[in-house]
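Enquirer: Mind having a look at this structure? Questions to follow.
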Amino acid sequence: MSARAVGGSNTRAWQIASYGMVLFFLAWVLIPICTVTLNSFKPATAIFTTTPDFAFVPTLEHYANIWAKGNFARQFLNSTIVAVGTAILALGFGTPAAYALTRLPVHGAERWFRAFLLARMVPAVSLVVPLFILLQLAGLKNTLPGLILTHTGFTLPLVVWMMRSFFQDVPRELEEAAVVDGASRWLTFWRVALPLTLPGLAATAVLVVFFSWNEFLFALVLTGPQMQTVPIGVSAFVGTVSVDWGGSSAAAVLAMIPMFVLGLLIQRFLVSGLAMGAVKG
Amino acid sequence: MSRISIGLLAGLVLVAGVPVAAQAADPVGKFDGATLSLSRWAGDPWTAAQVKSADAWNAATGGKLTVDAIPYENLHDKQVLEMSNGTYDIMYVHPSWFGEYVSAGALLPIDDLLADASANPPGFSKNDYLPSVLSQGASGGKQYCLPDFVASVVVAYRKDLFDAAGLAAPKTLDDVLADAAKLNGKDGIAGITLPGKKTGATADVLGSLLTAYGTWWYDKDGKSSLDVDAATKAIDFYVKASKFAPQGILNYHFDEVATAAAQGQAAMAVSTTVSLSWVEDPAKSKTVGKWAYAPLAVTADKPSGELIYWNWCINAASKNPKAAYSFLQYWTSAAQQGAVAKVAATAGATKAFYEDKDLVASLPFLPALQGALQNANAQPSLANWSKVQDEIELAVQGAIEGKTSPADTAKAIRAMLDKELGG
């Protein structure tokens, strides 16, 4: 057998293995989502079967129940406000911070960057009580601004670290040229660096929105009935002696749709944004 | 903790023909502009029924009561966090939290409100409630809460499978084990299913078994009194039954037990009357009409169980205690509980509830419930019971997994009770 034939055989084996891995992880990710989606259209008696039941008569009763009984619409609105508000605040503060620590002569910039990570290292559950007290003292408990501030605190490190990577990818020469032309630091940031990192900004914004949309613990503890968000609405189908699997599945599907659409809409930015900064030097 | 046999039987069985003042269906009082918040676990049909009652109460009184329903797993922590600031006026309190809340001074005594004619319907008195159930919401000579959600642990068995196998209805725990062994694996279904999850369900089942074997966690002074031999037998039953149960029962709460039964995955099920009643719901069950129910018993003449209930209590920091009481009185009335029972399979805690013959006839679980409650202890409500319960359930899980023997598990539980409650 020639070396070429052996090489070809190896390549083919690698291809098969690669496809196998991709299919495995796709199944790992998609099977639960498909199951939830199917369950949302199944009658209650068809959800629990020893072997998966695909031959069922679809029903919209679970979706109808959600809108009839709960305040899911209000929770959707709350989630939208909180996610958008968090993205605006986190990007509004995090992006200039990342730029300043990347480009400006800040003493101990590396240490500052690491300090930002602290907020992500502490388990969220250990911060619930201090945040509860803080927001209560500030009169922000059970308010959407209070939840937005909380989510902003938790997503800022993500924004700072991601945007740092994107700013590092912008050639310094471009900014120096702008400075030579008389632009201020702020103008250099606003007119030169920021436009070049827009795909990265979009990717970061999406991740922030995803986090805020799906966040459960703070939303549960820091809000009351009128300010609850979608994850609380989904969890409300889990009772102490009963779980409405059909209802929770339908609610989960509805909760997924906006994020799925958002992901599709900015897919182009997401891919290029996440690829930015991948190659250095 | 006293046995409730006499009091509860008086309420459940002997009420026929005894005239008791029926409670009015309308809420009492006007509370224009008062805004209240109620904290409870999420889950229908209970939450939906309560939201409906809150709407009716709002319309009748001019108040504005909002129901904050969140998952049970988070309810205790959320209530504790919110206790001091008066966010919640009304709190749904599990027995295992009741002692803790009372000790913390978080609950408002309602004796004055119960005795206040202007706060109650004409002819009402606290004697309208079953004394043995009402007393679970009292501590230190003060009444704090009004109860609802009365239930117990029983065994449900498939009549069709028993008939096909030529088996008689199980009358004792030994029968249950023998029948589970015979039916296990037939047509691919488990012999029995029961909960093993550390969520209170396992403690409820073991508590019912302990009572059946003639012991209890503690005495009337709240001191450890568990008889190790009797507890060994109870745990031994649990372990043996688990061998005929579906895989994964350590993650089974009452809900999963009822679901497995409803889907035809088990020939018998040990669970609460509430959850077992779902096997008769055509919307949820593939085995409607195939079930019969029996109380747990060591000897056939002594059915036993556990009094399962929840308490409705007023937050001591509430700014609207009279309005909060008005809703409690309205919600726990026979009329409201009767309406809930039709969709939620719980029993009320008023005597009048059991006088409604049509209602009683429509509740298939009631005979087994009545039997179980003839010899029952109430769900514990000591201040540190929440922690104790966790330890008990972990120990039972260890026995189910075969890590410890029933005898060693019983000894370990007794030692833990001695340490936590004092022996």
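We name chains A, B, ... following the order of the structure tokens; residues begin at 1 in each chain, and ligands are numbered from 1 as shown.
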Which residues of region 64-122 of chain A sit at most 12 Å from region 152-155 of chain A, using only C-alpha atoms? Give each one's shortest atom pair and distance in Å (one decimal place), in chain and ascending residue order, as JSON lines.
Expert:
{"residue": "A:Val82", "atom": "CA", "partner": "A:Thr152", "partner_atom": "CA", "distance": 9.6}
{"residue": "A:Ala83", "atom": "CA", "partner": "A:Thr152", "partner_atom": "CA", "distance": 9.5}
{"residue": "A:Val84", "atom": "CA", "partner": "A:Thr152", "partner_atom": "CA", "distance": 10.6}
{"residue": "A:Gly85", "atom": "CA", "partner": "A:Thr152", "partner_atom": "CA", "distance": 8.6}
{"residue": "A:Thr86", "atom": "CA", "partner": "A:Thr152", "partner_atom": "CA", "distance": 5.2}
{"residue": "A:Ala87", "atom": "CA", "partner": "A:Thr152", "partner_atom": "CA", "distance": 7.5}
{"residue": "A:Ile88", "atom": "CA", "partner": "A:Thr152", "partner_atom": "CA", "distance": 8.9}
{"residue": "A:Leu89", "atom": "CA", "partner": "A:Thr152", "partner_atom": "CA", "distance": 6.4}
{"residue": "A:Ala90", "atom": "CA", "partner": "A:Thr152", "partner_atom": "CA", "distance": 5.2}
{"residue": "A:Leu91", "atom": "CA", "partner": "A:Thr152", "partner_atom": "CA", "distance": 8.9}
{"residue": "A:Gly92", "atom": "CA", "partner": "A:Thr152", "partner_atom": "CA", "distance": 10.1}
{"residue": "A:Phe93", "atom": "CA", "partner": "A:Thr152", "partner_atom": "CA", "distance": 9.2}
{"residue": "A:Gly94", "atom": "CA", "partner": "A:Thr155", "partner_atom": "CA", "distance": 8.8}
{"residue": "A:Thr95", "atom": "CA", "partner": "A:Thr155", "partner_atom": "CA", "distance": 11.7}
{"residue": "A:Phe116", "atom": "CA", "partner": "A:Phe154", "partner_atom": "CA", "distance": 9.8}
{"residue": "A:Leu117", "atom": "CA", "partner": "A:Phe154", "partner_atom": "CA", "distance": 9.7}
{"residue": "A:Leu118", "atom": "CA", "partner": "A:Phe154", "partner_atom": "CA", "distance": 10.0}
{"residue": "A:Ala119", "atom": "CA", "partner": "A:Phe154", "partner_atom": "CA", "distance": 6.4}
{"residue": "A:Arg120", "atom": "CA", "partner": "A:Phe154", "partner_atom": "CA", "distance": 6.7}
{"residue": "A:Met121", "atom": "CA", "partner": "A:Phe154", "partner_atom": "CA", "distance": 10.2}
{"residue": "A:Val122", "atom": "CA", "partner": "A:Phe154", "partner_atom": "CA", "distance": 10.1}
Enquirer: Do me a favour and pick out the residues of chain B within 10 Å of chain A, using only C-alpha atoms, as number ranges by chain.
Expert: B: 37-39, 41-48, 51, 66-75, 77-79, 81-82, 85, 87-88, 188-189, 199-201, 253-256, 258-260, 262-265, 272, 274-275, 278, 281-286
Enquirer: Given the choices B:Trp97, B:Phe31, B:Tyr144, B:Tyr213, which gets closest to Thr299 (chain B) if the distance is worked out from only C-alpha atoms?
Expert: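 Result for the nearest residue to Thr299 (chain B): B:Tyr213.
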Enquirer: With distances taken over only C-alpha atoms, which residue among A:Gly146, A:Ala27, A:Glu175, A:Ser79 lies nearest Tyr99 (chain A)?
Expert: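 Smallest separation from Tyr99 (chain A) among the options: A:Glu175.
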Enquirer: With distances taken over only C-alpha atoms, which residue among A:Phe25, A:Pro52, A:Ala178, A:Arg111 lies nearest Leu38 (chain A)?
Expert: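 Under the stated criterion, the closest residue is A:Pro52.
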Enquirer: Hey, what's within 8 Å of Val93 (chain B) if we count only C-alpha atoms and toss same-chain stuff fewer than 2 positions away? As a list in words, please?
Expert: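 The contact residues come out as Met91, Pro95, Trp97, Phe98, Trp310, Asn311, Trp312 and Cys313 of chain B.
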Enquirer: Name the closest residue to Leu250 (chain B) among the candidates B:Ser318, B:Ser53, B:Thr172, B:Gln397; distances are taken between atoms, counting only C-alpha atoms.
Expert: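 Looking at the shortest contact to Leu250 (chain B), the residue is B:Gln397.
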Enquirer: Can you list every residue in region 161-293 of chain B that DSSP puts in alpha helix (DSSP H), as a PyMOL selection string?
Expert: chain B and resi 161-164+173-183+201-212+228-243+254-262+273-276
Enquirer: Which residue is closest to Gln370 (chain B)? Choose from B:Ala294, B:Ala115, B:Leu173, B:Ile235 and count only C-alpha atoms.
Expert: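 Closest residue, counting only C-alpha atoms: B:Ala294.
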